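This is coords27.cif (mmCIF, C-alpha atoms).
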```cif
data_target
loop_
_atom_site.label_atom_id
_atom_site.label_comp_id
_atom_site.auth_asym_id
_atom_site.auth_seq_id
_atom_site.Cartn_x
_atom_site.Cartn_y
_atom_site.Cartn_z
CA MET X 13 0.00 0.00 0.00
CA SER X 14 1.43 3.32 -0.97
CA ARG X 15 1.92 5.70 1.89
CA PHE X 16 3.10 9.23 2.31
CA MET X 17 6.74 9.28 1.19
CA ARG X 18 9.50 11.77 1.22
CA GLY X 19 11.21 12.41 -2.14
CA GLY X 20 14.91 12.49 -2.83
CA GLU X 21 15.33 16.17 -2.03
CA ASP X 22 13.52 15.71 1.25
CA LYS X 23 10.35 16.97 -0.45
CA ALA X 24 6.95 15.44 0.18
CA VAL X 25 5.41 13.35 -2.59
CA ASN X 26 1.87 12.04 -2.76
CA LYS X 27 0.69 8.52 -3.57
CA ASP X 28 0.67 9.11 -7.32
CA GLY X 29 4.34 10.06 -7.15
CA ARG X 30 3.58 13.70 -8.00
CA SER X 31 6.14 15.87 -6.29
CA LYS X 32 4.83 18.47 -3.86
CA ILE X 33 1.65 17.77 -1.96
CA ARG X 34 -0.57 20.82 -2.31
CA ALA X 35 -2.30 22.25 0.73
CA LEU X 36 -4.79 24.99 1.55
CA VAL X 37 -4.67 26.83 4.87
CA VAL X 38 -8.02 28.28 5.91
CA ASP X 39 -7.83 30.58 8.94
CA ASP X 40 -9.01 34.11 9.70
CA SER X 41 -5.98 34.82 11.90
CA MET X 42 -2.97 36.18 10.06
CA VAL X 43 -0.73 34.91 12.89
CA ASN X 44 -1.99 31.36 12.30
CA ARG X 45 -1.93 31.62 8.52
CA THR X 46 1.71 32.71 8.67
CA ILE X 47 2.72 29.92 11.07
CA HIS X 48 0.81 27.17 9.27
CA HIS X 49 2.14 28.34 5.89
CA LYS X 50 5.73 28.09 7.19
CA LEU X 51 5.13 24.73 8.90
CA LEU X 52 3.90 23.31 5.60
CA GLN X 53 6.61 25.01 3.57
CA ASN X 54 9.33 23.55 5.82
CA LEU X 55 7.91 20.10 5.07
CA GLY X 56 8.18 20.83 1.37
CA ILE X 57 4.43 21.27 0.95
CA GLU X 58 3.30 23.89 -1.55
CA ASN X 59 0.42 25.80 0.00
CA GLN X 60 -2.02 28.65 -0.38
CA VAL X 61 -3.66 30.59 2.43
CA VAL X 62 -7.17 32.04 2.59
CA GLY X 63 -9.04 33.92 5.31
CA ASN X 64 -12.45 32.25 5.59
CA GLY X 65 -14.61 29.36 4.48
CA LYS X 66 -16.04 31.12 1.45
CA GLU X 67 -12.55 31.82 0.11
CA ALA X 68 -11.76 28.13 0.66
CA VAL X 69 -14.77 27.13 -1.43
CA ASP X 70 -13.88 29.71 -4.10
CA ALA X 71 -10.30 28.38 -4.20
CA HIS X 72 -11.74 25.16 -5.60
CA SER X 73 -13.23 26.84 -8.66
CA SER X 74 -11.80 25.97 -12.07
CA GLY X 75 -10.96 22.47 -10.92
CA ASN X 76 -8.26 23.40 -8.38
CA TYR X 77 -7.35 20.50 -6.14
CA PHE X 78 -5.58 20.30 -2.80
CA ASP X 79 -4.35 17.13 -1.18
CA LEU X 80 -4.74 18.68 2.26
CA ILE X 81 -6.95 21.40 3.72
CA LEU X 82 -6.22 22.79 7.20
CA MET X 83 -9.58 24.21 8.28
CA ASP X 84 -10.11 26.57 11.20
CA MET X 85 -13.57 26.47 12.79
CA ASP X 86 -14.42 30.03 13.77
CA MET X 87 -14.21 32.38 10.81
CA PRO X 88 -16.29 35.29 9.52
CA VAL X 89 -18.37 35.10 6.31
CA MET X 90 -18.40 31.28 6.34
CA ASN X 91 -17.14 29.18 9.25
CA GLY X 92 -15.20 25.91 9.04
CA ILE X 93 -18.18 23.65 9.63
CA GLU X 94 -20.21 25.18 6.79
CA ALA X 95 -17.18 25.30 4.49
CA THR X 96 -16.42 21.62 5.12
CA ARG X 97 -20.05 20.66 4.36
CA ARG X 98 -19.99 22.72 1.16
CA LEU X 99 -16.71 21.21 -0.02
CA ARG X 100 -17.93 17.65 0.60
CA ALA X 101 -21.20 18.44 -1.16
CA MET X 102 -19.11 19.67 -4.13
CA GLY X 103 -17.41 16.27 -4.18
CA VAL X 104 -14.08 17.45 -2.78
CA ARG X 105 -12.23 14.39 -1.48
CA SER X 106 -9.17 16.14 -0.07
CA LEU X 107 -8.05 15.28 3.43
CA ILE X 108 -9.66 18.01 5.53
CA ALA X 109 -8.19 18.46 9.00
CA GLY X 110 -9.99 20.70 11.44
CA VAL X 111 -7.49 22.83 13.35
CA THR X 112 -9.09 24.80 16.15
CA THR X 113 -8.72 25.92 19.75
CA ARG X 114 -12.15 24.55 20.61
CA SER X 115 -11.86 21.55 22.89
CA LEU X 116 -15.40 20.53 23.92
CA GLU X 117 -16.42 17.07 22.67
CA GLN X 118 -19.72 18.41 21.35
CA GLU X 119 -18.01 21.08 19.26
CA LYS X 120 -15.49 18.57 17.97
CA GLN X 121 -18.29 16.12 17.09
CA GLU X 122 -20.20 18.72 15.07
CA PHE X 123 -17.06 19.64 13.14
CA MET X 124 -16.18 15.98 12.47
CA GLU X 125 -19.72 15.26 11.26
CA ALA X 126 -19.42 18.06 8.72
CA GLY X 127 -16.88 15.86 6.92
CA LEU X 128 -13.48 16.12 8.54
CA ASP X 129 -10.90 13.37 8.24
CA ASP X 130 -8.90 14.54 11.23
CA TYR X 131 -9.03 17.07 14.03
CA GLN X 132 -6.13 18.74 15.82
CA GLU X 133 -6.21 21.24 18.65
CA LYS X 134 -4.25 24.40 18.14
CA PRO X 135 -1.53 25.38 18.38
CA LEU X 136 -0.38 23.32 15.41
CA THR X 137 3.11 21.86 15.69
CA ALA X 138 5.34 20.07 13.20
CA ALA X 139 4.56 16.75 14.94
CA LYS X 140 0.78 17.26 14.68
CA LEU X 141 1.13 18.23 11.04
CA VAL X 142 3.15 15.11 10.21
CA SER X 143 0.48 12.95 11.85
CA ILE X 144 -2.16 14.64 9.66
CA ILE X 145 -0.08 14.18 6.51
CA HIS X 146 0.39 10.45 7.15
CA LYS X 147 -3.37 10.10 6.73
CA ILE X 148 -3.47 11.66 3.27
CA ASN X 149 -3.11 8.44 1.31
CA GLN X 150 -5.24 6.46 3.72
CA SER X 151 -8.06 9.02 3.55
CA SER X 152 -8.13 9.35 -0.22
CA SER X 153 -8.69 5.63 -0.63
CA THR X 154 -11.65 5.60 1.75
CA PRO X 155 -15.03 5.88 0.00
CA ARG X 156 -17.41 8.64 1.23
CA MET U 22 30.61 43.47 26.82
CA ASP U 23 32.01 40.94 24.34
CA VAL U 24 29.91 38.76 22.06
CA GLY U 25 30.31 35.70 24.31
CA GLN U 26 28.96 37.62 27.31
CA MET U 27 26.08 38.97 25.24
CA GLN U 28 25.21 35.45 24.07
CA ARG U 29 25.25 34.11 27.65
CA ARG U 30 23.11 37.00 28.82
CA LEU U 31 20.65 36.30 26.00
CA LEU U 32 20.42 32.61 26.90
CA ASP U 33 19.84 33.41 30.58
CA TYR U 34 17.20 35.97 29.69
CA THR U 35 15.46 33.61 27.27
CA LYS U 36 15.42 30.83 29.89
CA SER U 37 13.82 33.19 32.40
CA LEU U 38 10.89 33.73 30.02
CA PHE U 39 10.03 30.02 30.23
CA MET U 40 10.56 29.48 33.96
CA GLU U 41 7.64 28.68 36.26
CA LYS U 42 4.94 31.30 35.73
CA GLY U 43 7.03 32.54 32.82
CA VAL U 44 5.44 34.46 30.00
CA LEU U 45 6.23 31.93 27.26
CA ASP U 46 5.65 28.23 26.70
CA GLY U 47 7.04 25.62 24.32
CA GLN U 48 5.07 26.93 21.36
CA PHE U 49 7.51 29.86 21.15
CA LEU U 50 10.34 27.36 20.66
CA GLN U 51 8.32 25.84 17.78
CA LEU U 52 8.36 29.27 16.12
CA GLN U 53 12.11 29.57 16.58
CA GLN U 54 12.56 26.15 15.00
CA LEU U 55 10.64 27.32 11.93
CA GLN U 56 13.08 30.18 11.39
CA ASP U 57 15.75 29.43 8.81
CA GLU U 58 18.01 31.07 6.24
CA SER U 59 15.14 31.53 3.81
CA ASN U 60 13.17 33.35 6.51
CA PRO U 61 15.69 34.72 9.05
CA ASP U 62 13.20 37.17 10.58
CA PHE U 63 10.31 34.75 10.86
CA VAL U 64 9.90 34.98 14.64
CA VAL U 65 10.00 38.78 14.67
CA GLU U 66 7.47 38.87 11.80
CA VAL U 67 5.01 36.54 13.50
CA VAL U 68 5.36 38.25 16.87
CA SER U 69 4.81 41.63 15.19
CA LEU U 70 1.60 40.28 13.69
CA PHE U 71 0.59 39.15 17.17
CA PHE U 72 1.25 42.63 18.55
CA GLU U 73 -0.89 44.23 15.80
CA ASP U 74 -3.66 41.70 16.37
CA SER U 75 -3.55 42.26 20.12
CA GLU U 76 -3.73 46.06 19.91
CA ARG U 77 -6.76 45.77 17.65
CA LEU U 78 -8.46 43.23 19.91
CA LEU U 79 -7.73 45.30 23.00
CA ASN U 80 -9.42 48.31 21.38
CA ASP U 81 -12.36 46.19 20.20
CA LEU U 82 -12.82 44.67 23.66
CA THR U 83 -12.59 48.01 25.43
CA ARG U 84 -15.24 49.39 23.10
CA ALA U 85 -17.48 46.31 23.35
CA LEU U 86 -17.42 46.33 27.16
CA ASP U 87 -18.17 50.06 27.23
CA GLN U 88 -21.54 49.66 25.50
CA PRO U 89 -24.72 50.32 27.51
CA ASN U 90 -25.93 46.81 26.56
CA VAL U 91 -22.89 44.60 26.33
CA ASP U 92 -23.05 41.98 23.59
CA PHE U 93 -21.26 39.10 25.33
CA LYS U 94 -21.22 37.06 22.14
CA THR U 95 -19.12 39.75 20.48
CA VAL U 96 -16.87 40.04 23.53
CA ASP U 97 -16.43 36.27 23.58
CA SER U 98 -15.57 36.22 19.90
CA HIS U 99 -12.79 38.80 20.40
CA VAL U 100 -11.41 36.94 23.43
CA HIS U 101 -11.51 33.66 21.49
CA GLN U 102 -9.41 35.25 18.74
CA TRP U 103 -6.93 36.60 21.27
CA LYS U 104 -6.72 33.21 22.94
CA GLY U 105 -5.96 31.68 19.56
CA SER U 106 -3.19 34.04 18.52
CA SER U 107 -1.55 34.13 21.96
CA SER U 108 -1.59 30.34 22.08
CA SER U 109 -0.01 30.16 18.62
CA ILE U 110 3.02 32.23 19.61
CA GLY U 111 3.40 30.72 23.07
CA ALA U 112 2.24 33.72 25.12
CA SER U 113 0.90 31.40 27.81
CA ARG U 114 -0.17 33.96 30.42
CA VAL U 115 -2.15 35.95 27.86
CA LYS U 116 -3.76 32.69 26.71
CA ASN U 117 -4.64 31.64 30.26
CA GLY U 118 -6.06 35.09 30.95
CA CYS U 119 -8.29 34.70 27.89
CA ILE U 120 -9.52 31.30 29.08
CA ALA U 121 -10.68 32.82 32.38
CA PHE U 122 -12.13 35.79 30.50
CA ARG U 123 -14.28 33.50 28.31
CA ASN U 124 -15.73 31.80 31.40
CA PHE U 125 -16.98 35.15 32.66
CA CYS U 126 -18.36 36.01 29.21
CA GLU U 127 -20.41 32.85 29.42
CA GLU U 128 -21.72 33.95 32.83
CA GLN U 129 -22.38 37.42 31.38
CA ASN U 130 -20.62 38.90 34.39
CA ILE U 131 -19.70 42.41 33.30
CA GLU U 132 -17.63 43.33 36.36
CA ALA U 133 -15.56 40.16 36.13
CA CYS U 134 -15.12 40.72 32.39
CA LEU U 135 -13.79 44.21 32.99
CA ARG U 136 -11.34 42.86 35.57
CA CYS U 137 -10.26 40.16 33.12
CA LEU U 138 -9.71 42.73 30.42
CA GLN U 139 -7.33 44.62 32.70
CA GLN U 140 -5.57 41.41 33.64
CA VAL U 141 -5.10 40.25 30.05
CA LYS U 142 -4.00 43.75 29.04
CA GLN U 143 -1.31 43.69 31.75
CA GLU U 144 -0.14 40.23 30.71
CA TYR U 145 -0.01 41.33 27.10
CA TYR U 146 2.10 44.40 27.83
CA LEU U 147 4.39 42.29 30.00
CA VAL U 148 5.06 39.71 27.26
CA LYS U 149 5.37 42.49 24.66
CA ASN U 150 7.97 44.23 26.77
CA LYS U 151 9.93 41.02 27.34
CA LEU U 152 9.87 39.98 23.68
CA GLU U 153 10.98 43.43 22.53
CA THR U 154 13.88 43.19 25.00
CA LEU U 155 14.73 39.73 23.64
CA PHE U 156 14.76 40.96 20.05
CA ARG U 157 16.90 43.97 21.00
CA MET U 158 19.45 41.68 22.65
CA GLU U 159 19.52 39.50 19.52
CA GLN U 160 20.07 42.54 17.30
CA GLN U 161 22.97 43.69 19.48
CA ILE U 162 24.66 40.29 19.12
CA VAL U 163 24.23 40.29 15.34
CA ALA U 164 25.47 43.89 15.13
CA ALA U 165 28.59 42.84 17.06
CA GLY U 166 29.24 40.09 14.52
CA GLY U 167 27.97 37.19 16.63
CA SER U 168 25.29 34.57 16.00
CA ILE U 169 22.14 33.95 18.00
CA PRO U 170 22.66 30.94 20.32
CA VAL U 171 20.01 28.22 20.26
CA LEU U 172 18.27 27.51 23.55
CA GLU U 173 17.77 23.82 24.26
CA LEU U 174 14.77 23.23 26.49
CA SER U 175 12.55 20.20 26.92
CA PHE U 176 8.84 20.37 27.68
#
```
Structure rendered as structure tokens:
Amino acid sequence: MSRFMRGGEDKAVNKDGRSKIRALVVDDSMVNRTIHHKLLQNLGIENQVVGNGKEAVDAHSSGNYFDLILMDMDMPVMNGIEATRRLRAMGVRSLIAGVTTRSLEQEKQEFMEAGLDDYQEKPLTAAKLVSIIHKINQSSSTPR
Amino acid sequence: MDVGQMQRRLLDYTKSLFMEKGVLDGQFLQLQQLQDESNPDFVVEVVSLFFEDSERLLNDLTRALDQPNVDFKTVDSHVHQWKGSSSSIGASRVKNGCIAFRNFCEEQNIEACLRCLQQVKQEYYLVKNKLETLFRMEQQIVAAGGSIPVLELSF
């Protein structure tokens, strides 16, 4: 079974052997967008950043695809729960990881039920990110 | 003071920021580990964003709590944001202040919220002051031709 691998230049490759996993960071906080962007970049992951759920949905126009979406929960315009539902309804099969400071089981449950593949409490660290990335290939082979 | 003395002073000062009831936690070390040659000012950039965020949130909270009919949902939303950004840079006492603040928002206790605002404001200015001192010390070392020593801490 193919798994997440690291390429020869210590760059991430996905299961199809394409170099550079592509990721989308969705967070209304510029502090978090900057940190998550750098965390991904340091792992060799090409990534874009947007500031709310609507921008995340719009980023998928014209057939854009991301292997990984890091989704904050609380955002203006469209929150993470609504954005995740919309993306799944659009047929987006990317690994979507909820990344939020919310810790109550009920809040986590609602977010998971919207269509997440993983959930991590902020602050995000390199170790948490690697554990998310290891699920990319596993998640994409799981039917929805 | 020679470069070696400056570096030792910096290490001692940095350690003091993490000591018991210190202003920073391990998340700040995560930020330092992200800094590299391609982004040598990463920590200063992120912390500057945190300062800008915090000033804005402080103003928003002061205004929100000054309304004749306080909208606790709005207050809570601002505190939640502040909790998030402070947690992301490792400003643990600001984060903990925000956690207490949110509890009082839930209770809709205006007096307690006002006290919390003052508390978080004090913690914020304390960590701001300490981080600005840290960055100044680093700049002095670099200006003297030295390199910034790496602090090894385990959490």
Margin query: Calculated over all atoms listed in the file, which of the candidates U:Ser59, U:Gln28, U:Gln129, U:Ser168 has the smallest distance to chain X?
Written below: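 The answer is U:Ser59, which sits nearest to chain X.
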Show me, as JSON lines, the residues of chain X having an atom within 9 Å of chain U, each with the closest atom pair and its distance in Å, using only C-alpha atoms.
```
{"residue": "X:Ser41", "atom": "CA", "partner": "U:Ser106", "partner_atom": "CA", "distance": 7.2}
{"residue": "X:Met42", "atom": "CA", "partner": "U:Leu70", "partner_atom": "CA", "distance": 7.1}
{"residue": "X:Val43", "atom": "CA", "partner": "U:Leu70", "partner_atom": "CA", "distance": 5.9}
{"residue": "X:Asn44", "atom": "CA", "partner": "U:Ser109", "partner_atom": "CA", "distance": 6.7}
{"residue": "X:Thr46", "atom": "CA", "partner": "U:Val67", "partner_atom": "CA", "distance": 7.0}
{"residue": "X:Ile47", "atom": "CA", "partner": "U:Val67", "partner_atom": "CA", "distance": 7.4}
{"residue": "X:Lys50", "atom": "CA", "partner": "U:Leu55", "partner_atom": "CA", "distance": 6.9}
{"residue": "X:Leu51", "atom": "CA", "partner": "U:Leu55", "partner_atom": "CA", "distance": 6.8}
{"residue": "X:Asn54", "atom": "CA", "partner": "U:Leu55", "partner_atom": "CA", "distance": 7.3}
{"residue": "X:Asp86", "atom": "CA", "partner": "U:Gln102", "partner_atom": "CA", "distance": 8.8}
{"residue": "X:Thr112", "atom": "CA", "partner": "U:Gly105", "partner_atom": "CA", "distance": 8.3}
{"residue": "X:Thr113", "atom": "CA", "partner": "U:Gly105", "partner_atom": "CA", "distance": 6.4}
{"residue": "X:Lys134", "atom": "CA", "partner": "U:Ser109", "partner_atom": "CA", "distance": 7.2}
{"residue": "X:Pro135", "atom": "CA", "partner": "U:Ser109", "partner_atom": "CA", "distance": 5.0}
{"residue": "X:Leu136", "atom": "CA", "partner": "U:Ser109", "partner_atom": "CA", "distance": 7.6}
{"residue": "X:Thr137", "atom": "CA", "partner": "U:Gln51", "partner_atom": "CA", "distance": 6.9}
{"residue": "X:Ala138", "atom": "CA", "partner": "U:Gln51", "partner_atom": "CA", "distance": 7.9}
```
Keeping only C-alpha atoms, write the selected residues as an mmCIF file, in the frame of the given file.
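Result file is selection_16.cif:
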```cif
data_model
loop_
_atom_site.group_PDB
_atom_site.id
_atom_site.type_symbol
_atom_site.label_atom_id
_atom_site.label_comp_id
_atom_site.auth_asym_id
_atom_site.auth_seq_id
_atom_site.Cartn_x
_atom_site.Cartn_y
_atom_site.Cartn_z
ATOM 1 C CA SER X 41 -5.980 34.820 11.900
ATOM 2 C CA MET X 42 -2.970 36.180 10.060
ATOM 3 C CA VAL X 43 -0.730 34.910 12.890
ATOM 4 C CA ASN X 44 -1.990 31.360 12.300
ATOM 5 C CA THR X 46 1.710 32.710 8.670
ATOM 6 C CA ILE X 47 2.720 29.920 11.070
ATOM 7 C CA LYS X 50 5.730 28.090 7.190
ATOM 8 C CA LEU X 51 5.130 24.730 8.900
ATOM 9 C CA ASN X 54 9.330 23.550 5.820
ATOM 10 C CA ASP X 86 -14.420 30.030 13.770
ATOM 11 C CA THR X 112 -9.090 24.800 16.150
ATOM 12 C CA THR X 113 -8.720 25.920 19.750
ATOM 13 C CA LYS X 134 -4.250 24.400 18.140
ATOM 14 C CA PRO X 135 -1.530 25.380 18.380
ATOM 15 C CA LEU X 136 -0.380 23.320 15.410
ATOM 16 C CA THR X 137 3.110 21.860 15.690
ATOM 17 C CA ALA X 138 5.340 20.070 13.200
#
```
Note to self: Could you tell me how far CA of Asp92 in chain U sits from CA of Glu128 in chain U, in Å to one decimal place?
What the structure shows: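 These two atoms are separated by 12.3 Å.
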Note to self: Considering all atoms listed in the file, can you say which of U:Gly25, U:Leu50, U:Val65, U:Glu173 comes closest to Leu155 in chain U?
What the structure shows: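 Checking each of U:Gly25, U:Leu50, U:Val65, U:Glu173 against Leu155 in chain U, counting all atoms listed in the file, the winner is U:Val65.
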Next item on the list: Go through the shown structure with the PyMOL selection byres ((chain X and resi 72) around 12) and write out the matching residues as an MDAnalysis selection string.
Entry: chainID X and resid 35:36 60 62 65:71 73:79 81 95 98:100 102:106
Quick one: everything within 10 Å of Val115 in chain U, counting only C-alpha atoms, minus sequence neighbours fewer than 5 positions away in the same chain. Send it as a PDB file with C-alpha atoms, in the coordinates of the input.
```pdb
ATOM      1  CA  VAL U  44       5.440  34.460  30.000  1.00  0.00           C
ATOM      2  CA  LEU U  45       6.230  31.930  27.260  1.00  0.00           C
ATOM      3  CA  TRP U 103      -6.930  36.600  21.270  1.00  0.00           C
ATOM      4  CA  LYS U 104      -6.720  33.210  22.940  1.00  0.00           C
ATOM      5  CA  SER U 106      -3.190  34.040  18.520  1.00  0.00           C
ATOM      6  CA  SER U 107      -1.550  34.130  21.960  1.00  0.00           C
ATOM      7  CA  SER U 108      -1.590  30.340  22.080  1.00  0.00           C
ATOM      8  CA  ILE U 120      -9.520  31.300  29.080  1.00  0.00           C
ATOM      9  CA  GLN U 140      -5.570  41.410  33.640  1.00  0.00           C
ATOM     10  CA  VAL U 141      -5.100  40.250  30.050  1.00  0.00           C
ATOM     11  CA  LYS U 142      -4.000  43.750  29.040  1.00  0.00           C
ATOM     12  CA  GLN U 143      -1.310  43.690  31.750  1.00  0.00           C
ATOM     13  CA  GLU U 144      -0.140  40.230  30.710  1.00  0.00           C
ATOM     14  CA  TYR U 145      -0.010  41.330  27.100  1.00  0.00           C
ATOM     15  CA  TYR U 146       2.100  44.400  27.830  1.00  0.00           C
ATOM     16  CA  LEU U 147       4.390  42.290  30.000  1.00  0.00           C
ATOM     17  CA  VAL U 148       5.060  39.710  27.260  1.00  0.00           C
TER      18      VAL U 148
END
```
Margin query: Starting from the PyMOL selection byres ((chain U and resi 81-89) around 9), expand the selection into actual residues of this file and give them as a ChimeraX atom specification.
Written below: /U:76-80,90-93,95-96,99-100,131,134-135,138
Item checked: Within 6 Å of file point (-14.1, 22.7, 13.1), counting all atoms listed in the file, expressed as an NGL selection string -> :X and (84-85 or 92-93 or 110 or 123)
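Counting from CA of Leu107 in chain X, the distance to CA of Arg45 in chain X is 18.2 Å.
Rounded to one decimal, CA of Asn64 in chain X and CA of Asp62 in chain U lie 26.6 Å from each other.
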Next item on the list: Determine the residue set returned by the PyMOL selection byres ((chain X and resi 122) around 12) for the present structure, and present it as an NGL selection string.
Entry: :X and (85 or 92-94 or 96-97 or 110 or 114-121 or 123-128 or 131)
Notebook entry, point to check: Got a sec: who's within 8 Å of Asp97 in chain U, counting all atoms listed in the file, leaving out chain neighbours fewer than 5 positions off, as an MDAnalysis selection string?
Noted result: chainID U and resid 123 126:127
Next item on the list: Could you check which of X:Val61, X:Met87, X:Leu82, X:Ile33 is closest to Lys140 in chain X, using only C-alpha atoms?
Entry: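 When distances to Lys140 in chain X are compared using only C-alpha atoms, the smallest one comes from X:Leu82.
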